[in-house]
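Asks: Here it is: the structure, laid out below.
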Amino acid sequence: MMEYRRLGSSGLKVPALSFGAGTFGGKGPLFSAWGNSDNAEARRLVDICIEAGVNLFDTADVYSDGASEEVLGAAIKGRRNDVLISTKMSLPMGDGPNDAGSSRSRLIKGVDDALRRLGTDHIDLMQLHAFDAGTPVEEVLSTLDTLVRAGKLRYVGVSNFAGWQLMKSLAAAEKHGYPRYVAHQVYYSLVGRDYEWELMPLGLDQGVGALVWSPLGWGRLTGKIRRGQPWPEGSRLHDTASFGPPVDDDTLYDIVDVLDELAGETGRTIPQIAINWLLQRPTVSSVIIGARNEEQLRQNLGAVGWSLTAEQIGRLDKASGKTPAYPHFPYHLQEGFARLNPPAV
């Protein structure tokens with residue numbers, strides 16, 4: 001049974017697991033390595049998701065130069081009211097001076113283009129894919145307000161923002177009465193816990209829900225990456241490792257050792273355990289799972305409907321934890337700081 005959670009402090013309920021459509025229509029060195037599901041395969045994957053209660057589908061205009069949105073639009077045709085669409089924009093979609101960023105011109109055109117590719121009249125959640133330091137936040141927010149009032153957008157969020165960038169935007173939204181960001185799409189996994197240092201406390205304080213991308217650490221927590229062994233021949237890491245977050249190998253292998261132990265105890269797979277750990281973290285509204293085929297999708301869907309014990313979570317925390325960077329480490333290491341600033345987890 002799928003669990004549904006509120007997206008941050010908004011009234012929108014989203015499934016604990018959502019589907020990332022970056023594998024749809026794959027083009028180019030990065031996205032083709034992720035996957036290249038055509039319309040028929042994409043519709044089959046969407047069918048399985050909806051049957052399992054996964055009704056939130058995430059994409060972006062930059063994914064395969066718009067092809068992901070087009071394939072997703074075709075896959076949900078005839079059942080738009082049964083699903084939620086999340087897309088992102090701000091990254092470059094061309095070489096022109098206004099083909100990137102979050103200016104009024106870029107956002108209005110970007111939303112209209114995304115609506116056309118998706119074959120819909122509204123986007124349930126639109127997220128800025130990066131912070132545009134060259135455009136005043138008031139211009140960005142007033143444009144989003146216009147698009148929400150026009151019925152083209154339901155909710156707005158961001159992705160990969162620094163803490164000050166998100167907080168500045170939230171303060172401006174509150175000052176001017178513009179829509180507040182209710183979601184932050186972030187990288188978070190057992191091999192990448194930096195989100196906890198600043199962005200998670202901010203999310204708790206401001207009611208911003210996390211949509212987690214790459215919950216398996218850019219493909220490293222599949223159970224196929226092992227200590228003392230080369231990457232499997234079919235691993236996409238051969239082509240994509242340089243695009244993703246760096247991971248210390250020793251830390252990775254220590255975490256996989258614990259995941260192996262827990263797999264034996266629970267009868268669950270390593271990916272299922274890694275995703276289940278995320279689902280029990282503060283601020284996490286939904287974990288975005290991807291799949292190149294039906295088998296991968298069904299395995300990832302098995303991450304819900306059960307929970308790791310507190311003792312098992314503690315073992316994963318110990319294996320994956322590391323000392324935060326300044327200025328965060330004093331709050332973790334010194335009792336006086338800790339009493340004033342209790343950690344988020």
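For the structure tokens, the naming scheme is as follows: chains receive sequential letters (A, B, ...) according to their order of presentation, residues are indexed from 1 within each chain, and ligands are indexed from 1 in presentation order.
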Using only C-alpha atoms, determine which residues lie at most 12 Å from Pro245 (chain A), disregarding the query and same-chain residues fewer than 3 positions distant; provide the list as number ranges by chain.
Replies: A: 186-189, 191-194, 213-220, 237, 240-242, 248
Asks: Generate the output file for the selected residues, N, CA, C and O atoms, as an mmCIF file, in the first residue's frame.
Replies:
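Below is the file that was written, part_10.cif:
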data_model
loop_
_atom_site.group_PDB
_atom_site.id
_atom_site.type_symbol
_atom_site.label_atom_id
_atom_site.label_comp_id
_atom_site.auth_asym_id
_atom_site.auth_seq_id
_atom_site.Cartn_x
_atom_site.Cartn_y
_atom_site.Cartn_z
ATOM 1 N N VAL A 186 16.482 17.466 -4.092
ATOM 2 C CA VAL A 186 17.856 17.443 -3.592
ATOM 3 C C VAL A 186 18.499 16.080 -3.798
ATOM 4 O O VAL A 186 17.824 15.054 -3.875
ATOM 5 N N TYR A 187 19.824 16.102 -3.854
ATOM 6 C CA TYR A 187 20.587 14.856 -3.823
ATOM 7 C C TYR A 187 20.744 14.437 -2.368
ATOM 8 O O TYR A 187 21.224 15.201 -1.535
ATOM 9 N N TYR A 188 20.352 13.188 -2.066
ATOM 10 C CA TYR A 188 20.413 12.682 -0.694
ATOM 11 C C TYR A 188 20.462 11.166 -0.781
ATOM 12 O O TYR A 188 19.635 10.541 -1.453
ATOM 13 N N SER A 189 21.443 10.578 -0.140
ATOM 14 C CA SER A 189 21.551 9.115 -0.130
ATOM 15 C C SER A 189 22.476 8.702 0.996
ATOM 16 O O SER A 189 23.105 9.547 1.658
ATOM 17 N N VAL A 191 25.284 7.492 0.680
ATOM 18 C CA VAL A 191 26.651 7.889 0.341
ATOM 19 C C VAL A 191 26.754 9.387 0.077
ATOM 20 O O VAL A 191 27.794 9.864 -0.376
ATOM 21 N N GLY A 192 25.708 10.138 0.356
ATOM 22 C CA GLY A 192 25.716 11.587 0.165
ATOM 23 C C GLY A 192 24.749 12.250 1.122
ATOM 24 O O GLY A 192 23.608 12.535 0.766
ATOM 25 N N ARG A 193 25.204 12.517 2.368
ATOM 26 C CA ARG A 193 24.312 13.018 3.414
ATOM 27 C C ARG A 193 24.501 14.510 3.700
ATOM 28 O O ARG A 193 24.025 15.015 4.719
ATOM 29 N N ASP A 194 25.138 15.228 2.784
ATOM 30 C CA ASP A 194 25.365 16.662 3.004
ATOM 31 C C ASP A 194 24.055 17.427 3.165
ATOM 32 O O ASP A 194 24.034 18.489 3.808
ATOM 33 N N TRP A 213 16.486 13.091 -5.271
ATOM 34 C CA TRP A 213 16.965 12.504 -6.527
ATOM 35 C C TRP A 213 18.210 11.663 -6.263
ATOM 36 O O TRP A 213 18.948 11.907 -5.322
ATOM 37 N N SER A 214 18.400 10.659 -7.104
ATOM 38 C CA SER A 214 19.519 9.713 -7.003
ATOM 39 C C SER A 214 19.636 9.094 -5.626
ATOM 40 O O SER A 214 20.686 9.161 -4.981
ATOM 41 N N PRO A 215 18.567 8.452 -5.142
ATOM 42 C CA PRO A 215 18.604 7.844 -3.802
ATOM 43 C C PRO A 215 19.589 6.688 -3.691
ATOM 44 O O PRO A 215 19.950 6.299 -2.577
ATOM 45 N N LEU A 216 20.034 6.148 -4.813
ATOM 46 C CA LEU A 216 21.000 5.048 -4.791
ATOM 47 C C LEU A 216 22.418 5.540 -5.084
ATOM 48 O O LEU A 216 23.267 4.779 -5.558
ATOM 49 N N GLY A 217 22.675 6.813 -4.797
ATOM 50 C CA GLY A 217 24.028 7.337 -4.902
ATOM 51 C C GLY A 217 24.599 7.252 -6.293
ATOM 52 O O GLY A 217 25.732 6.802 -6.472
ATOM 53 N N TRP A 218 23.816 7.698 -7.278
ATOM 54 C CA TRP A 218 24.256 7.713 -8.678
ATOM 55 C C TRP A 218 24.572 6.293 -9.153
ATOM 56 O O TRP A 218 25.521 6.044 -9.887
ATOM 57 N N GLY A 219 23.740 5.331 -8.708
ATOM 58 C CA GLY A 219 23.883 3.959 -9.171
ATOM 59 C C GLY A 219 24.887 3.120 -8.400
ATOM 60 O O GLY A 219 25.170 1.977 -8.785
ATOM 61 N N ARG A 220 25.406 3.642 -7.289
ATOM 62 C CA ARG A 220 26.420 2.897 -6.541
ATOM 63 C C ARG A 220 25.825 1.943 -5.509
ATOM 64 O O ARG A 220 26.519 1.039 -5.011
ATOM 65 N N LEU A 237 27.786 3.492 -14.641
ATOM 66 C CA LEU A 237 28.821 4.322 -14.046
ATOM 67 C C LEU A 237 30.016 4.509 -14.975
ATOM 68 O O LEU A 237 30.725 5.505 -14.888
ATOM 69 N N THR A 240 28.771 7.538 -16.794
ATOM 70 C CA THR A 240 28.145 8.674 -16.116
ATOM 71 C C THR A 240 28.788 9.081 -14.800
ATOM 72 O O THR A 240 28.374 10.081 -14.214
ATOM 73 N N ALA A 241 29.775 8.332 -14.311
ATOM 74 C CA ALA A 241 30.342 8.628 -12.986
ATOM 75 C C ALA A 241 30.823 10.072 -12.882
ATOM 76 O O ALA A 241 30.658 10.732 -11.848
ATOM 77 N N SER A 242 31.412 10.586 -13.950
ATOM 78 C CA SER A 242 31.978 11.942 -13.912
ATOM 79 C C SER A 242 30.902 13.020 -13.841
ATOM 80 O O SER A 242 31.190 14.163 -13.474
ATOM 81 N N ASP A 248 33.514 8.630 -1.842
ATOM 82 C CA ASP A 248 34.718 7.975 -1.347
ATOM 83 C C ASP A 248 34.518 6.460 -1.369
ATOM 84 O O ASP A 248 33.551 5.949 -0.791
#
Asks: Neighbours of Gly177 (chain A) within 10 Å (only C-alpha atoms; same-chain residues fewer than 3 positions away dropped), as a PyMOL selection string?
Replies: chain A and resi 141-142+145+171-174+180
Asks: Need the shell around region 36-50 of chain A: protein/DNA/RNA residues with any atom at most 7 Å away, counting only C-alpha atoms. Skip same-chain ones fewer than 5 positions apart. Format as a PyMOL selection string?
Replies: chain A and resi 23-26+55+71+74-75+294
Asks: Can you pull out the residues contacting Ala210 (chain A)? Cut-off 12 Å, using only C-alpha atoms, and skip same-chain residues under 6 positions away; I want them as a VMD selection string.
Replies: chain A and resid 5 to 9 14 16 to 18 127 157 to 161 181 to 188 195 to 196 199 to 204 278 to 279 281 to 288
Asks: For Asp249 (chain A), find every residue with an atom within 9 Å (counting only C-alpha atoms), except residues of its own chain fewer than 4 positions away, and show them as a PDB file with N, CA, C and O atoms, in the first residue's frame.
Replies:
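Printed below is out-v9.pdb as written:
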ATOM      1  N   ARG A 227      33.467  -4.308  -2.894  1.00  0.00           N
ATOM      2  CA  ARG A 227      34.858  -4.094  -2.516  1.00  0.00           C
ATOM      3  C   ARG A 227      35.774  -5.064  -3.267  1.00  0.00           C
ATOM      4  O   ARG A 227      35.520  -6.273  -3.315  1.00  0.00           O
ATOM      5  N   TYR A 253      32.112   1.142   0.377  1.00  0.00           N
ATOM      6  CA  TYR A 253      32.216  -0.285   0.674  1.00  0.00           C
ATOM      7  C   TYR A 253      31.797  -0.586   2.110  1.00  0.00           C
ATOM      8  O   TYR A 253      31.184  -1.636   2.374  1.00  0.00           O
ATOM      9  N   ASP A 254      32.089   0.316   3.034  1.00  0.00           N
ATOM     10  CA  ASP A 254      31.639   0.119   4.418  1.00  0.00           C
ATOM     11  C   ASP A 254      30.115   0.117   4.503  1.00  0.00           C
ATOM     12  O   ASP A 254      29.514  -0.678   5.238  1.00  0.00           O
TER      13      ASP A 254
END
Asks: Using only C-alpha atoms for the distances, tell me which of A:Pro330, A:Gly209, A:Pro97, A:Gly305 is nearest to Val156 (chain A).
Replies: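 Of the candidates, the smallest distance to Val156 (chain A) is held by A:Gly209.
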Asks: As a PyMOL selection string, please: every residue in region 51-290 of chain A that DSSP puts in strand (DSSP E or B).
Replies: chain A and resi 56-58+84-89+123-128+153-159+183-187+189+192+209-213+284-289
Asks: Using only C-alpha atoms, determine which residues lie at most 9 Å from region 258-260 of chain A, disregarding the query and same-chain residues fewer than 3 positions distant; provide the list as an mmCIF file with C-alpha atoms, in the first residue's frame.
Replies:
data_model
loop_
_atom_site.group_PDB
_atom_site.id
_atom_site.type_symbol
_atom_site.label_atom_id
_atom_site.label_comp_id
_atom_site.auth_asym_id
_atom_site.auth_seq_id
_atom_site.Cartn_x
_atom_site.Cartn_y
_atom_site.Cartn_z
ATOM 1 C CA LEU A 221 23.933 1.303 -4.120
ATOM 2 C CA GLY A 223 24.312 -4.196 -4.820
ATOM 3 C CA TYR A 253 32.216 -0.285 0.674
ATOM 4 C CA ASP A 254 31.639 0.119 4.418
ATOM 5 C CA ILE A 255 28.025 1.075 3.741
ATOM 6 C CA ALA A 263 19.603 -7.757 3.331
ATOM 7 C CA GLY A 264 20.235 -11.080 5.044
ATOM 8 C CA GLU A 265 18.219 -10.032 8.093
ATOM 9 C CA THR A 269 17.388 -6.084 -1.595
ATOM 10 C CA ILE A 270 20.144 -3.531 -1.121
ATOM 11 C CA PRO A 271 18.326 -0.850 -3.181
ATOM 12 C CA ILE A 273 16.963 -0.968 2.093
ATOM 13 C CA ALA A 274 18.771 2.168 0.905
ATOM 14 C CA ARG A 315 23.976 0.794 11.971
ATOM 15 C CA LEU A 316 23.460 2.501 8.629
ATOM 16 C CA ALA A 319 28.533 3.481 8.580
#
